[in-house]
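Raw start39.txt, compact mmCIF, C-alpha atoms:
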```txt
# COMPACT_ATOMS: atom_id res chain seq x y z
CA MET A 113 94.72 -54.64 -11.11
CA LYS A 114 92.69 -54.85 -7.91
CA THR A 115 90.28 -57.28 -9.60
CA ILE A 116 93.14 -59.57 -10.63
CA LEU A 117 94.67 -59.49 -7.15
CA SER A 118 91.31 -60.18 -5.55
CA ALA A 119 90.70 -63.14 -7.86
CA CYS A 120 94.17 -64.56 -7.10
CA PHE A 121 93.58 -64.17 -3.39
CA ILE A 122 90.18 -65.94 -3.57
CA VAL A 123 91.68 -68.86 -5.52
CA PHE A 124 94.59 -69.04 -3.08
CA VAL A 125 92.33 -69.03 -0.02
CA PHE A 126 89.85 -71.60 -1.33
CA SER A 127 92.53 -73.95 -2.65
CA ALA A 128 94.10 -74.22 0.81
CA PRO A 129 91.17 -76.10 2.44
CA MET A 130 90.98 -78.47 -0.56
CA SER A 131 94.54 -79.58 0.17
CA LEU A 132 93.22 -81.29 3.30
CA PHE A 133 91.50 -83.89 1.13
CA VAL A 134 94.14 -84.48 -1.55
CA THR A 135 97.42 -84.28 0.33
CA LYS A 136 99.09 -86.94 2.47
CA TYR A 137 100.61 -85.38 5.58
CA PRO A 138 103.43 -86.66 7.81
CA ASP A 139 102.74 -87.48 11.44
CA ILE A 140 105.32 -85.03 12.76
CA ILE A 141 105.93 -81.31 12.17
CA ASP A 142 109.73 -81.34 11.98
CA SER A 143 110.18 -77.60 12.54
CA GLU A 144 108.17 -77.75 15.77
CA LYS A 145 109.12 -81.25 16.97
CA ARG A 146 105.52 -82.27 17.65
CA SER A 147 102.71 -84.41 16.26
CA LEU A 148 100.03 -82.94 14.03
CA THR A 149 96.79 -82.01 15.75
CA GLN A 150 94.12 -84.61 15.08
CA PHE A 151 90.60 -83.86 13.90
CA PRO A 152 88.49 -82.77 16.91
CA ASN A 153 86.08 -85.24 18.46
CA ILE A 154 82.65 -84.90 16.85
CA GLU A 155 81.08 -85.54 20.26
CA LEU A 156 81.98 -81.97 21.18
CA LEU A 157 79.20 -80.85 18.84
CA TYR A 158 76.70 -83.27 20.38
CA ASN A 159 77.56 -81.83 23.79
CA LEU A 160 77.12 -78.26 22.50
CA LYS A 161 80.82 -77.49 22.94
CA VAL A 162 80.95 -75.73 19.60
CA LYS A 163 83.70 -73.28 20.52
CA ARG A 164 86.08 -76.08 21.53
CA PHE A 165 85.30 -77.96 18.31
CA ILE A 166 86.00 -74.88 16.17
CA GLU A 167 89.26 -74.18 18.02
CA GLY A 168 90.31 -77.80 17.50
CA PHE A 169 89.43 -77.69 13.81
CA GLU A 170 91.33 -74.42 13.35
CA GLN A 171 94.49 -76.01 14.78
CA TYR A 172 93.88 -79.16 12.73
CA TYR A 173 93.72 -77.03 9.57
CA ASN A 174 96.61 -74.75 10.57
CA ASP A 175 98.92 -77.72 11.07
CA ARG A 176 98.33 -78.79 7.47
CA VAL A 177 99.12 -75.48 5.76
CA TYR A 178 102.64 -76.22 4.51
CA PHE A 179 102.93 -73.02 2.50
CA ARG A 180 102.69 -70.92 5.67
CA PRO A 181 105.67 -68.60 4.89
CA TYR A 182 104.26 -67.88 1.43
CA LEU A 183 100.79 -67.29 2.83
CA ILE A 184 102.20 -64.80 5.34
CA ASP A 185 104.14 -62.94 2.66
CA PHE A 186 101.24 -62.95 0.22
CA SER A 187 98.67 -61.78 2.76
CA SER A 188 101.04 -59.05 3.90
CA TYR A 189 101.29 -57.84 0.30
CA ILE A 190 97.50 -57.87 -0.12
CA TYR A 191 97.00 -55.92 3.11
CA SER A 192 99.63 -53.40 2.06
CA PHE A 193 98.22 -53.02 -1.45
CA PHE A 194 94.81 -52.10 -0.12
CA GLY A 195 96.22 -49.57 2.33
CA ALA A 196 96.16 -51.53 5.58
CA ASN A 197 99.82 -50.69 6.28
CA ILE A 198 100.69 -54.16 7.51
CA ASP A 199 104.31 -55.28 7.55
CA MET A 200 105.14 -58.63 9.12
CA ASN A 201 108.71 -57.43 9.54
CA LYS A 202 107.84 -54.25 11.44
CA SER A 203 104.49 -54.36 13.23
CA PHE A 204 101.43 -56.36 12.26
CA ARG A 205 97.77 -56.31 13.23
CA GLY A 206 96.26 -59.29 14.99
CA LYS A 207 92.70 -59.97 16.07
CA ASN A 208 90.63 -57.24 17.76
CA ASN A 209 93.14 -54.55 16.73
CA TRP A 210 96.01 -56.00 18.76
CA LEU A 211 99.42 -55.09 17.34
CA PHE A 212 102.50 -57.31 17.51
CA LEU A 213 106.19 -56.74 16.82
CA GLY A 214 107.56 -57.96 13.49
CA ASN A 215 110.44 -60.18 12.54
CA ASP A 216 112.99 -57.38 12.03
CA PHE A 217 113.24 -57.25 15.81
CA ASP A 218 115.41 -60.13 16.95
CA ASN A 219 113.72 -62.68 14.65
CA CYS A 220 110.83 -62.71 17.09
CA VAL A 221 108.25 -64.09 14.64
CA SER A 222 110.58 -66.84 13.39
CA ALA A 223 111.38 -67.73 17.01
CA LEU A 224 107.67 -67.78 17.83
CA THR A 225 106.82 -70.19 14.99
CA GLY A 226 109.81 -72.45 15.59
CA GLU A 227 111.57 -71.54 12.35
CA TRP A 228 114.51 -70.10 14.32
CA LYS A 229 116.18 -71.79 17.28
CA MET A 230 119.29 -71.13 19.36
CA THR A 231 122.36 -73.10 18.43
CA GLU A 232 124.40 -74.99 20.99
CA SER A 233 127.17 -72.38 20.78
CA GLN A 234 124.67 -69.58 21.45
CA LEU A 235 123.33 -71.41 24.47
CA LEU A 236 126.82 -71.95 25.86
CA SER A 237 127.75 -68.33 25.22
CA LYS A 238 124.75 -67.10 27.21
CA LEU A 239 125.43 -69.60 29.99
CA TYR A 240 129.01 -68.39 30.30
CA PHE A 241 128.01 -64.73 30.28
CA PHE A 242 125.32 -64.99 32.95
CA SER A 243 127.40 -67.34 35.09
CA GLN A 244 130.11 -64.70 35.08
CA VAL A 245 127.67 -61.91 35.96
CA LYS A 246 126.45 -64.06 38.82
CA SER A 247 130.01 -64.62 40.06
CA ILE A 248 130.75 -60.89 39.91
CA ALA A 249 127.60 -60.04 41.87
CA GLU A 250 128.29 -62.68 44.50
CA SER A 251 131.90 -61.57 44.89
CA TYR A 252 130.53 -58.25 46.20
CA GLY A 253 127.95 -59.87 48.48
CA ALA A 254 124.92 -59.61 46.18
CA ASN A 255 122.47 -62.25 45.03
CA PHE A 256 121.92 -62.41 41.27
CA TYR A 257 118.56 -62.94 39.59
CA ILE A 258 117.20 -62.77 36.03
CA LEU A 259 113.61 -61.74 35.29
CA VAL A 260 112.44 -62.34 31.72
CA GLY A 261 109.80 -60.00 30.29
CA PRO A 262 107.69 -62.28 28.08
CA ASN A 263 106.88 -61.27 24.53
CA LYS A 264 103.28 -60.17 24.17
CA SER A 265 102.75 -63.01 21.69
CA SER A 266 103.77 -65.54 24.38
CA VAL A 267 101.07 -64.30 26.77
CA TYR A 268 98.35 -63.45 24.24
CA PRO A 269 98.72 -65.90 21.32
CA GLU A 270 94.93 -65.87 20.93
CA TYR A 271 95.15 -62.38 19.42
CA LEU A 272 97.74 -63.29 16.79
CA PRO A 273 96.58 -63.35 13.16
CA SER A 274 95.29 -66.75 12.05
CA ILE A 275 98.24 -67.07 9.65
CA ILE A 276 100.77 -67.18 12.54
CA PHE A 277 101.07 -70.52 14.33
CA PRO A 278 103.17 -70.53 17.52
CA SER A 279 105.39 -73.53 18.04
CA LYS A 280 104.61 -75.82 20.97
CA GLN A 281 108.28 -75.58 21.99
CA ARG A 282 109.28 -72.02 22.85
CA ALA A 283 112.68 -70.89 21.57
CA LEU A 284 113.38 -69.66 25.09
CA SER A 285 112.94 -73.02 26.83
CA PRO A 286 116.41 -74.58 26.26
CA LEU A 287 118.10 -71.47 27.68
CA LEU A 288 115.92 -71.44 30.79
CA PHE A 289 116.66 -75.12 31.35
CA MET A 290 120.41 -74.72 30.94
CA LEU A 291 120.64 -71.69 33.25
CA ARG A 292 118.65 -73.44 35.99
CA GLU A 293 120.76 -76.57 35.62
CA HIS A 294 123.80 -74.39 36.43
CA ASN A 295 122.16 -72.69 39.43
CA VAL A 296 121.52 -69.32 37.78
CA ASN A 297 118.34 -67.87 39.28
CA VAL A 298 116.12 -67.10 36.29
CA PHE A 299 112.36 -66.54 36.32
CA ASP A 300 109.96 -66.55 33.38
CA PRO A 301 106.49 -65.33 34.50
CA THR A 302 104.65 -66.34 31.30
CA ASP A 303 102.50 -69.01 32.96
CA ASN A 304 101.70 -66.70 35.89
CA LEU A 305 100.55 -63.99 33.49
CA LYS A 306 98.42 -66.40 31.47
CA GLN A 307 96.71 -67.61 34.63
CA LYS A 308 95.82 -64.05 35.69
CA LYS A 309 94.47 -62.71 32.38
CA ASN A 310 90.99 -62.70 33.91
CA GLU A 311 92.11 -59.85 36.20
CA GLY A 312 92.41 -57.44 33.25
CA LEU A 313 94.58 -56.70 30.24
CA LEU A 314 98.26 -57.19 31.15
CA TYR A 315 99.86 -55.74 28.01
CA PHE A 316 99.05 -52.69 25.92
CA ARG A 317 97.14 -53.54 22.75
CA THR A 318 99.30 -51.19 20.65
CA ASP A 319 102.64 -51.55 22.44
CA THR A 320 105.31 -54.21 22.91
CA HIS A 321 105.36 -53.87 26.71
CA TRP A 322 103.44 -55.13 29.71
CA ASN A 323 101.46 -52.49 31.60
CA TYR A 324 101.47 -51.82 35.36
CA LEU A 325 99.03 -54.68 35.99
CA GLY A 326 101.15 -57.15 34.02
CA THR A 327 104.29 -55.94 35.78
CA LYS A 328 102.61 -56.30 39.18
CA ILE A 329 101.54 -59.90 38.54
CA ALA A 330 104.93 -60.86 37.11
CA PHE A 331 106.94 -59.31 39.94
CA GLU A 332 104.69 -60.71 42.67
CA ALA A 333 105.32 -64.17 41.22
CA PHE A 334 109.06 -63.45 41.04
CA LEU A 335 109.15 -62.42 44.71
CA ASP A 336 107.24 -65.55 45.73
CA GLU A 337 109.56 -67.77 43.70
CA PHE A 338 112.73 -66.55 45.40
CA HIS A 339 111.30 -65.37 48.76
CA ILE A 340 112.89 -61.96 48.35
CA GLY A 341 110.40 -59.55 49.89
CA GLU A 342 106.82 -58.37 50.27
CA PHE A 343 105.09 -56.62 47.40
CA PRO A 344 103.78 -53.16 48.33
CA ASP A 345 100.07 -52.41 48.66
CA VAL A 346 99.18 -50.72 45.39
CA LYS A 347 95.97 -49.53 43.78
CA LEU A 348 95.82 -49.47 39.98
CA ILE A 349 93.69 -46.68 38.54
CA PRO A 350 92.38 -47.04 34.95
CA SER A 351 93.76 -44.34 32.68
CA LYS A 352 93.18 -42.97 29.16
CA GLU A 353 93.73 -44.73 25.85
CA TYR A 354 97.38 -45.63 25.28
CA ILE A 355 99.22 -44.80 22.07
CA GLY A 356 101.84 -47.55 21.88
CA ASP A 357 105.14 -47.86 20.06
CA LEU A 358 103.80 -50.43 17.59
CA ILE A 359 101.63 -47.80 15.91
CA SER A 360 104.63 -45.76 14.81
CA ILE A 361 106.79 -48.84 14.12
CA GLY A 362 104.13 -50.17 11.74
CA GLY A 363 103.38 -46.80 10.17
CA TYR A 364 99.68 -46.97 11.02
CA LYS A 365 97.52 -43.89 10.52
CA ASN A 366 94.45 -43.11 12.65
CA PHE A 367 94.75 -46.45 14.42
CA PRO A 368 91.68 -47.22 16.62
CA LEU A 369 92.40 -46.94 20.35
CA GLU A 370 90.41 -48.44 23.22
CA LEU A 371 90.26 -48.14 26.98
CA GLY A 372 91.13 -50.96 29.38
CA ASP A 373 94.86 -51.59 28.94
CA ASN A 374 96.35 -48.57 30.72
CA PHE A 375 96.72 -48.08 34.49
CA ILE A 376 98.38 -45.67 36.90
CA PRO A 377 99.71 -47.16 40.18
CA GLN A 378 99.20 -45.53 43.55
CA LEU A 379 100.45 -46.67 46.96
CA THR A 380 97.56 -47.33 49.33
CA GLU A 381 99.72 -46.92 52.44
CA GLU A 382 103.10 -45.55 53.40
CA LYS A 383 106.16 -46.99 51.75
CA LYS A 384 107.41 -50.19 53.36
CA VAL A 385 111.14 -49.83 53.49
CA ASP A 386 113.15 -52.99 53.01
CA HIS A 387 116.68 -51.97 53.94
CA LYS A 388 118.14 -53.89 51.01
CA THR A 389 119.84 -52.14 48.10
CA ILE A 390 119.09 -53.36 44.59
CA LEU A 391 120.84 -52.79 41.26
CA VAL A 392 118.67 -53.24 38.16
CA LEU A 393 120.45 -54.00 34.89
CA GLY A 394 117.59 -53.78 32.46
CA ASP A 395 115.88 -52.69 29.27
CA SER A 396 112.56 -50.98 28.57
CA PHE A 397 110.67 -53.80 30.33
CA SER A 398 112.20 -52.44 33.56
CA GLU A 399 110.50 -49.06 33.34
CA SER A 400 107.11 -49.96 34.81
CA LEU A 401 108.84 -52.04 37.48
CA MET A 402 110.76 -49.09 38.89
CA PHE A 403 107.68 -47.72 40.69
CA TYR A 404 107.25 -50.97 42.61
CA LEU A 405 110.95 -51.31 43.39
CA GLY A 406 111.05 -47.74 44.67
CA ALA A 407 108.19 -48.57 47.02
CA MET A 408 109.98 -51.66 48.33
CA PHE A 409 113.69 -51.01 48.72
CA LYS A 410 115.77 -48.44 50.55
CA LYS A 411 117.96 -47.77 47.52
CA VAL A 412 117.42 -48.63 43.86
CA TYR A 413 120.14 -48.24 41.24
CA PHE A 414 119.27 -48.56 37.56
CA LYS A 415 121.59 -49.04 34.62
CA LYS A 416 120.74 -50.04 31.06
CA TYR A 417 122.68 -53.24 30.51
CA ARG A 418 123.46 -52.05 26.98
CA ASP A 419 125.49 -49.22 28.50
CA ILE A 420 127.55 -51.42 30.79
CA ALA A 421 127.61 -55.09 29.71
CA ILE A 422 126.49 -56.48 26.35
CA SER A 423 129.38 -58.88 25.74
CA LYS A 424 131.95 -60.96 27.59
CA SER A 425 134.55 -58.27 27.01
CA ASP A 426 132.44 -55.84 29.09
CA LEU A 427 132.59 -57.95 32.25
CA PRO A 428 135.57 -56.06 33.75
CA GLN A 429 133.63 -52.82 33.25
CA LEU A 430 130.61 -54.31 35.00
CA THR A 431 132.84 -55.44 37.87
CA GLU A 432 134.15 -51.92 38.39
CA TYR A 433 130.68 -50.45 38.27
CA ILE A 434 129.26 -52.79 40.92
CA LYS A 435 132.33 -52.19 43.05
CA SER A 436 131.81 -48.41 42.82
CA LEU A 437 128.29 -48.67 44.25
CA GLY A 438 129.46 -50.02 47.58
CA LYS A 439 127.03 -52.33 49.31
CA VAL A 440 124.53 -54.00 46.94
CA ASP A 441 122.26 -56.80 48.15
CA ILE A 442 120.55 -57.75 44.89
CA VAL A 443 121.57 -57.55 41.24
CA LEU A 444 118.51 -58.00 39.04
CA TRP A 445 118.88 -58.49 35.28
CA ILE A 446 115.62 -57.69 33.40
CA GLN A 447 115.38 -58.47 29.70
CA VAL A 448 112.56 -58.95 27.21
CA GLU A 449 112.18 -62.51 25.93
CA ARG A 450 112.97 -61.77 22.28
CA ILE A 451 116.36 -60.19 23.08
CA PHE A 452 117.15 -62.62 25.88
CA THR A 453 116.66 -65.44 23.36
CA TYR A 454 118.25 -63.97 20.24
CA TRP A 455 121.09 -61.81 21.59
CA ASN A 456 124.51 -63.43 21.71
CA PRO A 457 126.85 -61.80 24.30
```
Now, as a test, write the supplied structure out as C-alpha cells.
Amino acid sequence: MKTILSACFIVFVFSAPMSLFVTKYPDIIDSEKRSLTQFPNIELLYNLKVKRFIEGFEQYYNDRVYFRPYLIDFSSYIYSFFGANIDMNKSFRGKNNWLFLGNDFDNCVSALTGEWKMTESQLLSKLYFFSQVKSIAESYGANFYILVGPNKSSVYPEYLPSIIFPSKQRALSPLLFMLREHNVNVFDPTDNLKQKKNEGLLYFRTDTHWNYLGTKIAFEAFLDEFHIGEFPDVKLIPSKEYIGDLISIGGYKNFPLELGDNFIPQLTEEKKVDHKTILVLGDSFSESLMFYLGAMFKKVYFKKYRDIAISKSDLPQLTEYIKSLGKVDIVLWIQVERIFTYWNP
C-alpha cells in the first residue's frame, strides 16, 4: 500500500510542473483579485541574485497550481498516513518546524488564501457593533480603541508550507478600511511587526500567540499611533523552550522544541504611573499585554469580551458594566485577527 501511495504521490508531484508548459493560464487570479506573477528576470542570475530568482520562480509556479485545494488535501493525507500527524484543519507544520492554526478555527486558512471573504452584511454588522461600543465608552467619558492581534501567518508567511499561498488582499483589509472611514480607532500592527522581525522572534513557533517581544513592538506602535502614553522601560530575558498550544491541537508527539522564541519581561526602573484607568475587553492575545499595561496605568480592568459582549443584544449589559466601574479613561478592545475577521456580532 505504501508503495502505491508513494508512486501516486511522485506522479502527482512531477505532473504539476509539466502543466506550466501545456496549460494556458488567465492573466488574473479571480479568487485573489490580482495578476499572475510573471517569470523572474533572468538578469537576477547574471547578477548573482540567486535567492531572489528562486523566490520569484516559486511564486510564478505557485500561481499556476490550479488544483491547490486538492494538493493540500492530498498532501495532508500522505503526511497523516506516514505518521506525521498533520491536519490542515487543526494544526499543521510549516517550514523549520513552525506550527500554524488550521481551518477549523474561524476559517483562518481559507481567509488567508482568499477563498473566504467577508460579505457586505458581515462588514456592516461589525461596523454597527463597534460603533455602538464606541458610543457607550464615550458616553462615560472614555476613549475607545481596537488593537488587532495579527495571525502568526500574517507576520511570518515565509514559514508556511509551500502548498499554502497567501492572498495579496487580506480578508481583514475591508473591515479596517470601513471602521476607519467611520472614525473608529482601530490599529493593526502587522506591518510594524514585519519591520522588526530582525530584533528576534515575535511569535512562538509552536503556539498561536505573539510572545512578550511581539507584544512589546505591537503595543509601542499602538501608543505612537494614538499618542496615548509612554511605554515602560522593560528588559526581556530569554527563557526556556516553549510548549505551545498548537502541539496539543495538532496531536503531535515528541515535537522538537527550540530556544529563541520565549522571553520573560522585567521592569528596569520603578513603575511609571499614568493616572489613567483602562478597561481591556480582550481575548487570549491580551494576556501578554497585561504586564505592560500594569506597568503603565494606575488601574487596569480586564474582562473577556466573550463574557460581556459578543452580540448586539449584549450592548445593554456592556453599558451597565462600564457604568459600574466608575471613571474609565480608555476602553481597549483586543482581538486576534482570525476572530475579528470571521466573527459576526
| task | Would you work out the distance separating CA of Glu353 (chain A) from CA of Phe375 (chain A), expressed in Å to one decimal? | result | 9.7 Å
| Coordinates-based distance that separates CA of Lys416 (chain A) from CA of Lys439 (chain A) (Å, one decimal) |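 These two atoms are separated by 19.4 Å.
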| Counting only C-alpha atoms, the residue of A:Asp441, A:Asp373, A:Asp216, A:Glu293 that sits nearest Lys410 (chain A) | A:Asp441
| Which of A:Lys388, A:Lys246, A:Lys306, A:Arg205 sits closest to Gly363 (chain A) [using only C-alpha atoms] |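 Of A:Lys388, A:Lys246, A:Lys306, A:Arg205, the one nearest Gly363 (chain A), counting only C-alpha atoms, is A:Arg205.
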| field | d(CA of Tyr413 (chain A), CA of Phe299 (chain A)) in Å | value | 20.5 Å
| message | Need the shell around Tyr271 (chain A): protein/DNA/RNA residues with any atom at most 8 Å away, counting only C-alpha atoms. Skip same-chain ones fewer than 6 positions apart. Format as a count of residues only? | response | 5
| task | Mind checking which residues fall within 10 Å of region 418-420 of chain A, counting all atoms listed in the file, ignoring those fewer than 3 positions away in the same chain, and posting them as a list in words? | result |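 These residues fall inside the cut-off: Leu393, Gly394, Asp395, Lys415, Ser423, Asp426, Leu427, Pro428, Gln429, Leu430, Thr431 and Tyr433 of chain A.
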| task | Find, counting only C-alpha atoms, the residue in A:Arg282, A:Lys309, A:Lys435, A:Arg317 that gets nearest to Lys264 (chain A). | result | A:Arg317
| Phe277 (chain A): which residues within 7 Å, counting only C-alpha atoms, same-chain residues fewer than 2 positions away excluded, as a ChimeraX atom specification? | /A:225,275,279
